[in-house]
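Student: Just so it is clear, I am handing over query-v3.cif, which has mmCIF, C-alpha atoms.
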```cif
data_input
#
loop_
_atom_site.label_atom_id
_atom_site.label_comp_id
_atom_site.auth_asym_id
_atom_site.auth_seq_id
_atom_site.Cartn_x
_atom_site.Cartn_y
_atom_site.Cartn_z
CA MET R 1 -17.66 41.94 -1.61
CA PHE R 2 -15.08 43.54 -3.90
CA PRO R 3 -13.41 46.02 -3.39
CA LEU R 4 -13.84 45.63 0.40
CA GLN R 5 -12.75 42.01 0.14
CA ARG R 6 -9.59 41.32 -1.85
CA GLY R 7 -8.41 37.73 -1.74
CA ARG R 8 -4.97 38.67 -2.98
CA ARG R 9 -4.19 40.43 0.32
CA LEU R 10 -3.63 36.98 1.83
CA ARG R 11 -1.24 35.98 -0.99
CA THR R 12 1.09 38.99 -1.10
CA SER R 13 4.12 37.30 0.53
CA GLU R 14 5.35 33.83 1.48
CA ALA R 15 5.07 34.76 5.15
CA ILE R 16 1.37 35.62 4.77
CA ARG R 17 0.72 32.56 2.62
CA THR R 18 2.36 30.42 5.33
CA ILE R 19 0.28 31.70 8.24
CA VAL R 20 -3.05 31.26 6.42
CA ARG R 21 -2.17 27.88 4.83
CA GLU R 22 -4.99 25.42 5.42
CA THR R 23 -3.03 22.21 4.89
CA THR R 24 0.49 21.31 5.97
CA LEU R 25 2.81 18.35 5.41
CA SER R 26 5.31 16.79 7.77
CA PRO R 27 7.43 13.61 7.54
CA SER R 28 5.11 11.91 10.03
CA ASP R 29 2.35 12.13 7.42
CA PHE R 30 4.19 9.54 5.32
CA MET R 31 4.48 5.77 5.31
CA PHE R 32 7.33 4.30 3.28
CA PRO R 33 6.61 1.14 1.23
CA MET R 34 9.63 -1.21 1.18
CA PHE R 35 10.45 -4.33 -0.83
CA ILE R 36 12.43 -7.09 0.84
CA THR R 37 14.27 -10.00 -0.75
CA GLU R 38 16.50 -12.89 0.33
CA GLY R 39 20.25 -12.55 0.70
CA GLU R 40 22.74 -10.41 2.54
CA ASN R 41 24.15 -6.98 1.67
CA TYR R 42 22.02 -7.10 -1.46
CA LYS R 43 19.95 -4.49 -3.23
CA LEU R 44 18.57 -4.27 -6.75
CA GLU R 45 16.90 -1.22 -8.27
CA ILE R 46 13.47 -1.80 -9.77
CA PRO R 47 13.75 -0.58 -13.39
CA SER R 48 10.25 0.87 -13.57
CA MET R 49 10.67 2.63 -10.19
CA PRO R 50 13.93 4.62 -10.26
CA GLY R 51 15.36 5.06 -6.77
CA ILE R 52 13.34 2.19 -5.26
CA PHE R 53 15.11 -1.08 -4.47
CA ARG R 54 14.52 -4.62 -3.38
CA ARG R 55 16.79 -4.98 -0.35
CA SER R 56 17.94 -7.85 1.80
CA ILE R 57 16.88 -7.66 5.44
CA ASP R 58 20.17 -6.20 6.69
CA LEU R 59 20.04 -3.32 4.20
CA THR R 60 16.30 -2.88 4.83
CA VAL R 61 17.06 -2.34 8.52
CA GLU R 62 19.64 0.34 7.67
CA GLU R 63 17.12 2.08 5.41
CA VAL R 64 14.49 1.96 8.16
CA LYS R 65 16.89 3.68 10.54
CA GLU R 66 17.53 6.40 7.95
CA VAL R 67 13.86 7.14 7.32
CA PHE R 68 13.09 7.10 11.04
CA ALA R 69 15.80 9.74 11.56
CA LEU R 70 14.02 11.86 8.94
CA GLY R 71 10.79 11.78 10.96
CA ILE R 72 8.93 9.01 9.11
CA ARG R 73 7.16 6.79 11.60
CA ALA R 74 5.62 3.97 9.54
CA VAL R 75 6.75 1.43 6.94
CA ASN R 76 4.58 -0.80 4.80
CA ILE R 77 6.60 -3.90 3.88
CA TYR R 78 6.37 -6.42 1.04
CA VAL R 79 8.47 -9.48 0.24
CA LYS R 80 9.78 -10.94 -3.02
CA VAL R 81 9.29 -14.66 -2.51
CA ASP R 82 11.42 -17.28 -4.24
CA GLU R 83 9.50 -19.17 -6.94
CA SER R 84 10.23 -22.49 -5.24
CA LEU R 85 8.15 -21.38 -2.23
CA LYS R 86 5.04 -20.48 -4.21
CA ASP R 87 1.96 -22.69 -4.49
CA ASN R 88 -1.81 -22.29 -4.57
CA THR R 89 -2.30 -22.45 -0.79
CA GLY R 90 0.02 -19.58 0.12
CA LYS R 91 1.30 -21.58 3.09
CA GLU R 92 4.70 -19.86 3.02
CA ALA R 93 2.84 -16.68 4.03
CA TRP R 94 2.48 -17.93 7.63
CA ASN R 95 5.86 -19.64 7.94
CA GLN R 96 7.17 -18.40 11.30
CA ASN R 97 10.68 -18.37 9.81
CA GLY R 98 9.59 -16.87 6.49
CA LEU R 99 11.14 -13.80 4.90
CA MET R 100 8.34 -11.47 6.04
CA GLN R 101 8.40 -12.73 9.59
CA GLN R 102 12.20 -12.39 9.78
CA ALA R 103 11.98 -8.87 8.36
CA ILE R 104 9.39 -7.74 10.91
CA LYS R 105 11.51 -9.04 13.78
CA ALA R 106 14.68 -7.43 12.45
CA ILE R 107 13.04 -4.03 11.94
CA LYS R 108 11.40 -3.99 15.37
CA ASN R 109 14.63 -5.11 17.06
CA ALA R 110 16.65 -2.38 15.35
CA CYS R 111 14.07 0.42 15.48
CA PRO R 112 11.37 -0.43 18.06
CA GLU R 113 9.49 2.85 17.62
CA MET R 114 8.97 2.38 13.89
CA ILE R 115 5.39 1.32 13.12
CA VAL R 116 5.55 -1.80 10.94
CA MET R 117 2.57 -2.61 8.74
CA PRO R 118 3.19 -5.80 6.72
CA ASP R 119 1.10 -6.51 3.65
CA VAL R 120 -1.53 -9.23 4.05
CA ALA R 121 -2.38 -10.85 0.70
CA LEU R 122 -1.38 -14.08 -1.00
CA ASP R 123 -0.22 -12.75 -4.39
CA PRO R 124 3.52 -12.78 -3.54
CA TYR R 125 3.13 -16.43 -2.50
CA SER R 126 0.80 -17.63 -5.26
CA ILE R 127 1.85 -19.51 -8.39
CA TYR R 128 -1.03 -17.69 -10.07
CA GLY R 129 -0.17 -14.15 -8.90
CA HIS R 130 -3.63 -13.67 -7.41
CA ASP R 131 -4.43 -12.34 -3.95
CA GLY R 132 -6.11 -15.57 -2.90
CA ILE R 133 -6.49 -19.28 -3.40
CA ILE R 134 -7.68 -20.38 -6.83
CA GLU R 135 -10.53 -22.85 -6.92
CA ASN R 136 -12.02 -24.58 -9.93
CA LEU R 137 -15.29 -23.09 -11.06
CA PRO R 138 -18.41 -25.26 -11.45
CA ALA R 139 -18.77 -27.32 -14.62
CA GLY R 140 -19.58 -25.25 -17.67
CA ARG R 141 -17.53 -22.23 -16.57
CA GLN R 142 -14.04 -21.53 -17.82
CA GLY R 143 -10.93 -21.61 -15.67
CA GLY R 144 -10.63 -20.88 -11.95
CA ASP R 145 -11.47 -18.00 -9.64
CA VAL R 146 -10.38 -16.80 -6.21
CA ALA R 147 -12.06 -18.62 -3.32
CA ASN R 148 -13.17 -15.90 -0.91
CA ASP R 149 -13.72 -17.79 2.36
CA ALA R 150 -10.81 -20.21 1.98
CA THR R 151 -8.59 -17.22 1.29
CA ASN R 152 -9.84 -15.52 4.45
CA ASP R 153 -8.80 -18.57 6.48
CA ALA R 154 -5.30 -18.31 5.01
CA LEU R 155 -5.13 -14.55 5.65
CA VAL R 156 -5.91 -15.07 9.33
CA LYS R 157 -2.95 -17.45 9.67
CA MET R 158 -0.77 -14.93 7.83
CA ALA R 159 -1.86 -12.00 10.00
CA VAL R 160 -1.37 -13.90 13.26
CA SER R 161 2.16 -14.86 12.18
CA HIS R 162 2.89 -11.18 11.50
CA ALA R 163 1.60 -10.25 14.94
CA GLN R 164 3.73 -12.95 16.54
CA ALA R 165 6.76 -11.49 14.76
CA GLY R 166 6.04 -8.03 16.20
CA ALA R 167 3.90 -6.18 13.65
CA ASP R 168 2.05 -3.14 14.97
CA PHE R 169 -0.67 -3.28 12.31
CA VAL R 170 -1.60 -5.75 9.61
CA ALA R 171 -2.52 -4.33 6.23
CA PRO R 172 -4.91 -6.57 4.26
CA SER R 173 -4.73 -5.57 0.59
CA ASP R 174 -6.57 -8.59 -0.82
CA MET R 175 -10.13 -7.19 -1.06
CA MET R 176 -11.85 -10.41 0.00
CA ASP R 177 -15.33 -9.97 1.44
CA GLY R 178 -15.46 -10.18 5.23
CA ARG R 179 -11.74 -10.50 5.79
CA VAL R 180 -11.47 -7.63 8.28
CA LEU R 181 -13.91 -9.31 10.67
CA ARG R 182 -12.10 -12.65 10.30
CA LEU R 183 -8.74 -10.98 10.91
CA ARG R 184 -10.01 -9.13 13.97
CA GLN R 185 -11.47 -12.30 15.42
CA GLY R 186 -8.32 -14.28 14.64
CA LEU R 187 -5.95 -11.72 16.11
CA ASP R 188 -8.05 -11.36 19.26
CA ALA R 189 -8.29 -15.12 19.72
CA ALA R 190 -4.50 -15.38 19.44
CA GLY R 191 -4.00 -12.71 22.12
CA PHE R 192 -3.20 -9.78 19.82
CA SER R 193 -6.10 -7.44 20.56
CA ASN R 194 -3.73 -4.44 20.41
CA VAL R 195 -2.49 -5.19 16.91
CA GLY R 196 -4.35 -2.87 14.55
CA ILE R 197 -5.84 -3.39 11.11
CA MET R 198 -5.24 -0.93 8.30
CA SER R 199 -7.64 -2.18 5.68
CA TYR R 200 -7.32 -1.52 1.96
CA SER R 201 -11.02 -0.73 1.82
CA ALA R 202 -11.36 1.02 -1.55
CA LYS R 203 -8.68 -0.64 -3.66
CA TYR R 204 -9.48 -0.19 -7.31
CA ALA R 205 -8.59 -2.49 -10.23
CA SER R 206 -6.16 0.07 -11.58
CA ALA R 207 -3.56 0.14 -14.33
CA PHE R 208 -1.37 2.28 -12.03
CA TYR R 209 -0.02 -0.84 -10.26
CA GLY R 210 2.23 -2.03 -13.08
CA PRO R 211 5.63 -1.12 -11.57
CA PHE R 212 4.63 -2.64 -8.21
CA ARG R 213 3.89 -5.95 -9.90
CA ASP R 214 7.30 -5.77 -11.55
CA ALA R 215 8.82 -5.38 -8.08
CA LEU R 216 7.16 -8.50 -6.66
CA ASP R 217 6.42 -10.51 -9.81
CA SER R 218 2.81 -10.59 -8.64
CA ALA R 219 0.88 -10.10 -11.89
CA PRO R 220 -1.83 -12.72 -12.56
CA LYS R 221 -0.62 -15.66 -14.63
CA ASP R 222 -1.69 -19.16 -15.64
CA ASN R 223 0.13 -22.07 -14.06
CA LYS R 224 1.64 -23.60 -17.17
CA SER R 225 4.05 -25.86 -15.26
CA ASN R 226 1.32 -27.78 -13.48
CA THR R 227 0.46 -31.22 -14.82
CA GLU R 228 -3.14 -30.03 -14.90
CA PRO R 229 -2.87 -26.35 -15.91
CA VAL R 230 -5.53 -24.03 -14.58
CA GLU R 231 -6.54 -20.99 -16.59
CA VAL R 232 -7.12 -18.12 -14.17
CA PRO R 233 -8.51 -14.59 -14.57
CA LYS R 234 -6.04 -12.33 -16.35
CA ASP R 235 -6.81 -9.45 -14.00
CA LYS R 236 -8.08 -8.83 -10.47
CA LYS R 237 -11.43 -7.33 -11.33
CA THR R 238 -13.48 -10.00 -9.53
CA TYR R 239 -12.24 -8.66 -6.20
CA GLN R 240 -10.69 -5.22 -6.73
CA MET R 241 -13.15 -2.39 -7.35
CA ASP R 242 -14.43 -1.02 -10.64
CA TYR R 243 -12.87 2.43 -11.08
CA ALA R 244 -16.20 3.75 -12.40
CA ASN R 245 -17.75 3.39 -8.92
CA ARG R 246 -17.89 5.94 -6.12
CA ILE R 247 -20.73 4.92 -3.78
CA GLU R 248 -19.31 1.40 -3.57
CA ALA R 249 -16.12 2.80 -2.03
CA ILE R 250 -18.10 4.40 0.79
CA LYS R 251 -19.96 1.14 1.40
CA GLU R 252 -16.74 -0.89 1.50
CA ALA R 253 -15.09 1.53 3.93
CA LEU R 254 -18.09 1.60 6.26
CA MET R 255 -18.30 -2.20 6.23
CA ASP R 256 -14.61 -2.50 7.11
CA VAL R 257 -14.99 -0.07 10.01
CA GLU R 258 -17.98 -2.04 11.26
CA GLU R 259 -15.89 -5.23 11.04
CA GLY R 260 -13.11 -3.72 13.16
CA ALA R 261 -10.75 -1.78 10.87
CA ASP R 262 -8.74 0.82 12.77
CA MET R 263 -7.74 2.65 9.58
CA VAL R 264 -9.06 2.45 6.02
CA MET R 265 -7.21 3.01 2.78
CA VAL R 266 -8.02 4.39 -0.66
CA LYS R 267 -5.78 3.17 -3.48
CA PRO R 268 -4.57 4.65 -5.89
CA GLY R 269 -4.07 8.27 -4.85
CA ILE R 270 -4.06 11.27 -7.16
CA ALA R 271 -6.58 9.90 -9.66
CA TYR R 272 -8.97 9.07 -6.79
CA LEU R 273 -9.02 12.20 -4.66
CA ASP R 274 -12.80 12.44 -4.99
CA ILE R 275 -13.01 9.01 -3.35
CA VAL R 276 -10.60 10.07 -0.61
CA ARG R 277 -12.86 12.98 0.33
CA GLU R 278 -16.03 10.87 0.16
CA VAL R 279 -14.52 8.21 2.42
CA LYS R 280 -13.09 10.82 4.81
CA ASN R 281 -16.55 12.35 5.18
CA ALA R 282 -18.15 8.95 5.78
CA VAL R 283 -15.92 7.24 8.36
CA ASN R 284 -14.75 8.05 11.88
CA VAL R 285 -11.30 6.44 11.59
CA PRO R 286 -8.08 7.71 9.94
CA VAL R 287 -7.90 7.45 6.16
CA THR R 288 -4.69 6.28 4.49
CA VAL R 289 -4.03 6.95 0.82
CA PHE R 290 -1.59 4.96 -1.29
CA HIS R 291 0.28 7.14 -3.78
CA VAL R 292 1.04 4.13 -5.95
CA SER R 293 3.93 2.92 -8.07
CA GLY R 294 2.52 4.10 -11.40
CA GLU R 295 1.95 7.60 -10.04
CA TYR R 296 5.54 7.59 -8.76
CA ALA R 297 6.93 6.28 -12.06
CA MET R 298 5.11 8.91 -14.12
CA ILE R 299 6.67 11.77 -12.15
CA LYS R 300 10.10 10.17 -12.39
CA ALA R 301 9.82 9.63 -16.14
CA ALA R 302 8.46 13.11 -16.90
CA SER R 303 11.08 14.82 -14.75
CA GLU R 304 13.91 12.83 -16.36
CA ARG R 305 12.77 14.23 -19.70
CA GLY R 306 12.61 17.75 -18.35
CA TRP R 307 8.84 17.97 -18.77
CA LEU R 308 8.08 18.53 -15.06
CA ASP R 309 9.95 19.92 -12.06
CA HIS R 310 10.40 16.76 -9.97
CA ASP R 311 10.39 18.22 -6.47
CA LYS R 312 7.63 20.75 -7.12
CA ILE R 313 5.22 18.23 -8.64
CA MET R 314 6.07 15.65 -5.94
CA MET R 315 5.25 18.05 -3.14
CA GLU R 316 2.16 19.37 -4.90
CA GLN R 317 0.71 15.88 -5.31
CA LEU R 318 1.45 14.93 -1.70
CA MET R 319 -0.12 18.17 -0.44
CA CYS R 320 -3.21 17.55 -2.57
CA ILE R 321 -3.60 14.04 -1.12
CA LYS R 322 -3.36 15.44 2.39
CA ARG R 323 -5.80 18.24 1.51
CA ALA R 324 -8.32 15.70 0.23
CA GLY R 325 -8.45 14.07 3.66
CA ALA R 326 -5.54 11.67 4.11
CA SER R 327 -4.28 11.17 7.65
CA LEU R 328 -1.39 9.05 6.35
CA ILE R 329 0.11 8.83 2.86
CA SER R 330 1.86 5.66 1.76
CA THR R 331 4.27 6.92 -0.88
CA TYR R 332 7.53 5.92 -2.55
CA PHE R 333 8.43 9.60 -2.32
CA ALA R 334 8.39 9.51 1.49
CA LYS R 335 12.15 9.72 1.96
CA GLU R 336 12.70 12.38 -0.72
CA ALA R 337 9.81 14.49 0.55
CA ALA R 338 10.97 14.20 4.17
CA VAL R 339 14.43 15.43 3.21
CA LEU R 340 12.91 18.55 1.62
CA LEU R 341 10.61 19.17 4.57
CA ASN R 342 13.54 18.96 6.97
CA ILE R 343 15.55 21.66 5.19
#
```
In structure tokens, how does this file's structure come out?
Tutor:
Amino acid sequence: MFPLQRGRRLRTSEAIRTIVRETTLSPSDFMFPMFITEGENYKLEIPSMPGIFRRSIDLTVEEVKEVFALGIRAVNIYVKVDESLKDNTGKEAWNQNGLMQQAIKAIKNACPEMIVMPDVALDPYSIYGHDGIIENLPAGRQGGDVANDATNDALVKMAVSHAQAGADFVAPSDMMDGRVLRLRQGLDAAGFSNVGIMSYSAKYASAFYGPFRDALDSAPKDNKSNTEPVEVPKDKKTYQMDYANRIEAIKEALMDVEEGADMVMVKPGIAYLDIVREVKNAVNVPVTVFHVSGEYAMIKAASERGWLDHDKIMMEQLMCIKRAGASLISTYFAKEAAVLLNI
């Protein structure tokens, strides 16, 4: 008790604060999300995500080499699919010569030690912008909804094609029921028992995803060009989680582990640190946290206006995510943070 115990003794200098620090960050704690597009020697900055680009495969490979040299050991990759390749089946998602499959091969050929975790969901390939196949609802109900089991069948084909291309993990972000088990069974049957699954287990229906959807043009939309237009849900709340719920996140994570997930994810990050800790306490696998596009954009916007110190708030948020229980942080700040940590 005071005055025998004085907490400030352990805060009197940076050297003391360093040796008693409970949580530390290193570049290997980060996964870098990357957006890939068609073309050659092409990159385009995403307006709502300053400093983040859609890159052609050749420039993506160069960026991968750069972040690997900084100590980052994992990339989470997404593709911007041409509109002409989109439909309601998502069949382009398992095209062996598709953009994603080419990107995986190119990255692994150029940087074999980089862990590649491609996104598994149909929204980049869907004319409706949803994470799955739209089916008509029974008579008397309006519009269409996402077909869970048919979508799972498509996701298995997608995941196997990623494994064939050289992916180390597949990262299902779709939030369909039972998809982890189906993916595990499908990968094993195809001879890819060593390819892991990083499941987006507690992915909330969040407004923080706006800039990401700008990057991939993956926001839900009606198909107005179809001869028989289908009105679809305007959001993803029938499969992504209600942000009012906590216990549900634990249940979803435990179910995914039981179905074969090697890692589970909580998404978004900073606004959901209570969920991160709950999930970390509940599961016996590593927990990934996605520090999402909206969280990135807010720091960028506030710092541009001089309202926040960019580097200090970036590092504070990343440290807080790690402190809450993250084993791996998927963050658009990965490269910037790694540069600071390497100084």
Student: Looking at R:Ala271, R:Ala282, R:Ala154, R:Ile104, which one is nearest to R:Ile247, with distances taken over all atoms listed in the file?
Tutor: R:Ala282
Student: Counting only C-alpha atoms, which residue out of R:Pro33, R:Met100, R:Ser13, R:Val75 sits closest to R:Ser56?
Tutor: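 Nearest to R:Ser56: R:Met100.
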Student: Excluding R:Gly186 and any residue of its chain fewer than 4 positions from it, enumerate the residues within 9 Å of it, using only C-alpha atoms, and give them as a list in words.
Tutor: Val156, Lys157, Ala159, Val160, Leu181, Arg182, Ala190, Gly191 and Phe192 of chain R
Student: In Å to one decimal, how far is atom CA of R:Asp274 from atom CA of R:Arg21?
Tutor: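 Rounded to one decimal, the two atoms are 21.2 Å apart.
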Student: Which residues would end up in the selection if the PyMOL selection byres ((chain R and resi 243) around 7) were applied here, given that I need the answer as a VMD selection string?
Tutor: chain R and resid 204 to 205 241 to 242 244 to 245
Student: Take the residues that were just selected and, keeping C-alpha atoms, output them as an mmCIF file, in the coordinates of the input.
Tutor:
```cif
data_model
loop_
_atom_site.group_PDB
_atom_site.id
_atom_site.type_symbol
_atom_site.label_atom_id
_atom_site.label_comp_id
_atom_site.auth_asym_id
_atom_site.auth_seq_id
_atom_site.Cartn_x
_atom_site.Cartn_y
_atom_site.Cartn_z
ATOM 1 C CA TYR R 204 -9.480 -0.190 -7.310
ATOM 2 C CA ALA R 205 -8.590 -2.490 -10.230
ATOM 3 C CA MET R 241 -13.150 -2.390 -7.350
ATOM 4 C CA ASP R 242 -14.430 -1.020 -10.640
ATOM 5 C CA ALA R 244 -16.200 3.750 -12.400
ATOM 6 C CA ASN R 245 -17.750 3.390 -8.920
#
```
